[in-house]
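Only one structure is covered here, and it is reproduced in the block below.
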Amino acid sequence: MASQSATSHAGSKKVIYAAILGNLLIAVTKFIAAFFTGSSAMLSEGVHSLVDTGNGGLLLYGLRRAARPADRTHPLGHGRELYFWSFIVALLVFAVGAGVSFYEGVIHIIDPEPVANPIVNYVVLGFAMLFEGTSWFIALKEFRTVKGKLGYVEAVRISKDPSVFTVLFEDTAALLGLIIAFVGISAAQLFNMPELDGVASIGISIILGATAIFLARESKGLLMGEAALPEVEQQILDIANKDPAVQRANGVLTVHMGPKQIAAGLSVEFEDHVLAPEIEACVQRIETALKKANPDIVTLFVKPQTTGTWEVRRKIIEAG
């Protein structure tokens, strides 16, 4: 099963396109508002939206690269490109988004300047919340479809497709940032303390930093290679055990090469009377059945092995 399965990322792309369009419109309006008002929080929000726009482009690039078929240099496919670019997105959110916001906040606390034309900021924040809320709702709707009956935290933890939950968390951080910006600008005007605008900018940087760390942690796990879900591994064992030439399917090792690309290594103890041609036919039957039952399993390696040998291997893995 060396060929790649057909992967569909229509839902992910819809979410990303919506996020790119929304963030681009928001970034332009925020920068215009920051230029006319001198608001630190608004400038930080503009940088945040600009980074999110670029991040959406990187995720789309990762999806396109991950969809390439296997070749000589990458015999198991290019699925992990999506995981790599998702990790880069997390780094950008931390380094650029959180870093610039923190810097702007400190500068405006040390050398505060009153916000001019605050009404402009309020109007822009209102439109930003509308655009961002629309993008967030689309991402949330898609994530709900993917997660099924699982809780949100559990769904993110076991998810093998970072494109949807990355956009969702970025949009959530953006909405929280808009709220903080609104509170900071309002407080600075109400109490005549322009330093509070800088404090709001630092608050935005903290939210972005926490989001980036979470996304980086999840993307790193996928990039390093995570196993398939337990039900997928059990499905492989069940199909192998049904074959008459198999005495016992000892166990299976799996790794996600991409959201819809699973490589599996199956340990099988064949019946003692089975000859080499029958083993070859048995492996072919297992591959055909797996391909029909779960197209995500794009590569299968079958290793003839006694149960005792497998148990030693399994204990070593579990001990690690």
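Each chain of the structure tokens is named A, B, ... in the order shown, its residues numbered from 1; ligands are numbered from 1 in display order.
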Glu269 (chain A) surroundings by only C-alpha atoms, 8 Å radius, close-in-sequence under 3 positions cut, as an MDAnalysis selection string: chainID A and resid 246:250 304:307
Run DSSP on the backbone and tell me which residues of region 2-195 of chain A come out as alpha helix (DSSP H); list them as a ChimeraX atom specification. /A:10-37,40-66,81-92,99-110,118-147,152-158,162-190,195
Write out as a Markdown table a residue-level contact list of region 66-121 of chain A versus region 150-171 of chain A with cut-off 9 Å: for each qualifying residue the closest pair of atoms and the distance in Å to one decimal, counting only C-alpha atoms, rows sorted by chain and residue number upward.
```
| residue | atom | partner | partner_atom | distance |
| --- | --- | --- | --- | --- |
| A:Leu82 | CA | A:Ser163 | CA | 7.8 |
| A:Tyr83 | CA | A:Pro162 | CA | 7.1 |
| A:Ser86 | CA | A:Pro162 | CA | 6.7 |
| A:Val89 | CA | A:Thr166 | CA | 8.6 |
| A:Ala90 | CA | A:Thr166 | CA | 8.5 |
| A:Val93 | CA | A:Glu170 | CA | 8.6 |
```
Name the closest residue to Ala173 (chain A) among the candidates A:Gly105, A:Gly97, A:Gly22, A:Gly38; distances are taken between atoms, counting only C-alpha atoms. A:Gly97
Give me, please, the distance in Å between CA of Phe191 (chain A) and CA of Ala98 (chain A), quoted to one decimal.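 Taking CA of Phe191 (chain A) and CA of Ala98 (chain A), their separation equals 26.3 Å.
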What parts of region 112-254 of chain A does DSSP call strand (DSSP E)? I'd like the answer as a PyMOL selection string. chain A and resi 246-254
Save out the residues we just selected, C-alpha atoms, as a PDB file, in the first residue's frame.
```pdb
ATOM      1  CA  VAL A 246      -3.050 -15.697  10.548  1.00  0.00           C
ATOM      2  CA  GLN A 247      -2.656 -17.493  13.865  1.00  0.00           C
ATOM      3  CA  ARG A 248      -2.524 -14.196  15.730  1.00  0.00           C
ATOM      4  CA  ALA A 249      -2.022 -10.526  14.980  1.00  0.00           C
ATOM      5  CA  ASN A 250       0.302  -9.659  17.855  1.00  0.00           C
ATOM      6  CA  GLY A 251       0.225  -5.887  17.685  1.00  0.00           C
ATOM      7  CA  VAL A 252       0.642  -2.850  15.488  1.00  0.00           C
ATOM      8  CA  LEU A 253       2.778   0.282  15.502  1.00  0.00           C
ATOM      9  CA  THR A 254       1.354   3.316  13.706  1.00  0.00           C
TER      10      THR A 254
END
```
Length of the CA of Ile179 (chain A) to CA of Val124 (chain A) vector [Å]: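 So the answer is 12.3 Å.
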Could you check which of A:Arg217, A:Arg285, A:Lys315, A:Lys30 is closest to Val123 (chain A), using only C-alpha atoms?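 Of A:Arg217, A:Arg285, A:Lys315, A:Lys30, the one nearest Val123 (chain A) is A:Lys30, counting only C-alpha atoms.
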Contacts of Ile180 (chain A) at 8 Å or less, counting only C-alpha atoms, minus same-chain residues fewer than 4 places along, as JSON, numbers by chain? {"A": [176, 184, 200, 203, 204]}
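Distance annotation: of A:Ala66, A:Lys13, A:Ile202, A:His273, the residue with the minimal separation from Glu142 (chain A) is A:Lys13; atom set is only C-alpha atoms.
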Distance query Gly177 (chain A) at most 10 Å, only C-alpha atoms, self and fewer than 5 positions along chain excluded, as a VMD selection string: chain A and resid 41 to 42 44 to 45 48 171 to 172 182 to 183 200 to 201 203 to 208
Quick one: write out the picked residues with all heavy atoms as a short mmCIF file (atom, residue, chain, number, x, y, z; two decimals), in the first residue's frame?
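Saved the output as selection_29.cif:
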```cif
data_model
loop_
_atom_site.label_atom_id
_atom_site.label_comp_id
_atom_site.auth_asym_id
_atom_site.auth_seq_id
_atom_site.Cartn_x
_atom_site.Cartn_y
_atom_site.Cartn_z
N ALA A 41 -2.18 49.92 21.84
CA ALA A 41 -2.96 48.69 21.78
C ALA A 41 -3.48 48.43 20.36
O ALA A 41 -3.49 47.29 19.89
CB ALA A 41 -4.14 48.76 22.76
N MET A 42 -3.88 49.51 19.68
CA MET A 42 -4.39 49.34 18.32
C MET A 42 -3.27 48.93 17.36
O MET A 42 -3.47 48.11 16.46
CB MET A 42 -5.04 50.63 17.84
CG MET A 42 -5.81 50.49 16.53
SD MET A 42 -7.11 49.24 16.62
CE MET A 42 -8.22 49.99 17.80
N SER A 44 -0.62 47.20 18.23
CA SER A 44 -0.35 45.80 18.55
C SER A 44 -1.38 44.88 17.90
O SER A 44 -1.05 43.82 17.37
CB SER A 44 -0.37 45.59 20.07
OG SER A 44 0.64 46.34 20.69
N GLU A 45 -2.64 45.31 17.95
CA GLU A 45 -3.69 44.53 17.32
C GLU A 45 -3.51 44.46 15.81
O GLU A 45 -3.80 43.46 15.17
CB GLU A 45 -5.06 45.13 17.67
CG GLU A 45 -5.60 44.68 19.01
CD GLU A 45 -5.86 43.20 19.01
OE1 GLU A 45 -6.63 42.71 18.18
OE2 GLU A 45 -5.27 42.50 19.86
N HIS A 48 -0.84 41.97 15.16
CA HIS A 48 -1.42 40.65 15.41
C HIS A 48 -2.23 40.18 14.20
O HIS A 48 -2.06 39.04 13.73
CB HIS A 48 -2.32 40.74 16.65
CG HIS A 48 -3.04 39.47 16.96
ND1 HIS A 48 -4.10 39.41 17.84
CD2 HIS A 48 -2.87 38.20 16.52
CE1 HIS A 48 -4.54 38.17 17.91
NE2 HIS A 48 -3.81 37.42 17.12
N ASP A 171 -8.02 32.84 16.19
CA ASP A 171 -9.19 33.74 16.20
C ASP A 171 -9.68 34.00 17.62
O ASP A 171 -10.12 35.10 17.94
CB ASP A 171 -10.31 33.13 15.35
CG ASP A 171 -10.03 33.21 13.86
OD1 ASP A 171 -9.10 33.93 13.48
OD2 ASP A 171 -10.75 32.55 13.08
N THR A 172 -9.62 32.96 18.47
CA THR A 172 -10.02 33.15 19.86
C THR A 172 -9.09 34.15 20.56
O THR A 172 -9.55 35.04 21.29
CB THR A 172 -9.98 31.81 20.61
OG1 THR A 172 -10.86 30.88 19.97
CG2 THR A 172 -10.43 31.98 22.06
N PHE A 182 -10.01 47.20 23.82
CA PHE A 182 -11.15 48.08 24.12
C PHE A 182 -11.10 48.56 25.57
O PHE A 182 -11.29 49.75 25.85
CB PHE A 182 -12.46 47.33 23.85
CG PHE A 182 -13.69 48.10 24.25
CD1 PHE A 182 -14.19 49.10 23.44
CD2 PHE A 182 -14.34 47.82 25.45
CE1 PHE A 182 -15.32 49.83 23.81
CE2 PHE A 182 -15.47 48.53 25.83
CZ PHE A 182 -15.96 49.55 25.01
N VAL A 183 -10.84 47.63 26.48
CA VAL A 183 -10.77 47.98 27.90
C VAL A 183 -9.61 48.95 28.16
O VAL A 183 -9.76 49.95 28.88
CB VAL A 183 -10.61 46.72 28.78
CG1 VAL A 183 -10.33 47.10 30.23
CG2 VAL A 183 -11.86 45.85 28.69
N ALA A 200 -2.48 47.48 28.20
CA ALA A 200 -3.36 46.64 27.37
C ALA A 200 -2.54 45.92 26.30
O ALA A 200 -2.78 44.74 25.99
CB ALA A 200 -4.45 47.49 26.72
N SER A 201 -1.57 46.61 25.74
CA SER A 201 -0.71 46.00 24.73
C SER A 201 0.08 44.83 25.30
O SER A 201 0.24 43.78 24.66
CB SER A 201 0.25 47.05 24.16
OG SER A 201 0.99 46.53 23.08
N GLY A 203 -0.91 43.06 27.86
CA GLY A 203 -1.91 42.01 28.07
C GLY A 203 -2.17 41.22 26.81
O GLY A 203 -2.30 39.99 26.83
N ILE A 204 -2.20 41.91 25.67
CA ILE A 204 -2.38 41.24 24.38
C ILE A 204 -1.20 40.31 24.10
O ILE A 204 -1.36 39.19 23.61
CB ILE A 204 -2.54 42.28 23.25
CG1 ILE A 204 -3.86 43.04 23.43
CG2 ILE A 204 -2.50 41.61 21.88
CD1 ILE A 204 -4.01 44.24 22.50
N SER A 205 0.00 40.78 24.43
CA SER A 205 1.20 39.96 24.19
C SER A 205 1.17 38.68 25.03
O SER A 205 1.62 37.62 24.58
CB SER A 205 2.46 40.76 24.49
OG SER A 205 2.66 40.91 25.89
N ILE A 206 0.64 38.77 26.24
CA ILE A 206 0.56 37.59 27.11
C ILE A 206 -0.39 36.56 26.51
O ILE A 206 -0.09 35.35 26.49
CB ILE A 206 0.10 37.99 28.52
CG1 ILE A 206 1.18 38.83 29.21
CG2 ILE A 206 -0.21 36.76 29.36
CD1 ILE A 206 0.78 39.39 30.55
N ILE A 207 -1.53 37.01 26.00
CA ILE A 207 -2.49 36.10 25.37
C ILE A 207 -1.87 35.44 24.14
O ILE A 207 -1.97 34.23 23.94
CB ILE A 207 -3.77 36.86 24.99
CG1 ILE A 207 -4.55 37.23 26.24
CG2 ILE A 207 -4.64 36.01 24.05
CD1 ILE A 207 -5.81 38.00 25.96
N LEU A 208 -1.20 36.24 23.32
CA LEU A 208 -0.57 35.69 22.12
C LEU A 208 0.54 34.71 22.48
O LEU A 208 0.70 33.67 21.83
CB LEU A 208 0.00 36.82 21.27
CG LEU A 208 -1.02 37.75 20.60
CD1 LEU A 208 -0.30 38.85 19.82
CD2 LEU A 208 -1.93 36.97 19.68
#
```
Calculated over only C-alpha atoms, which of the candidates A:Thr299, A:Gln235, A:Asn121, A:Thr145 has the smallest distance to Gln189 (chain A)?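 With only C-alpha atoms as the atom set, the closest residue is A:Asn121.
One distance worth recording is that between CA of Cys282 (chain A) and CA of Asp238 (chain A), which is 14.2 Å.
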Which residue gives the smallest distance to Leu63 (chain A) among A:Gly198, A:Gly133, A:Gly258, A:Gly126, with only C-alpha atoms counted?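 Once distances to Leu63 (chain A) are computed over only C-alpha atoms, the minimum belongs to A:Gly258.
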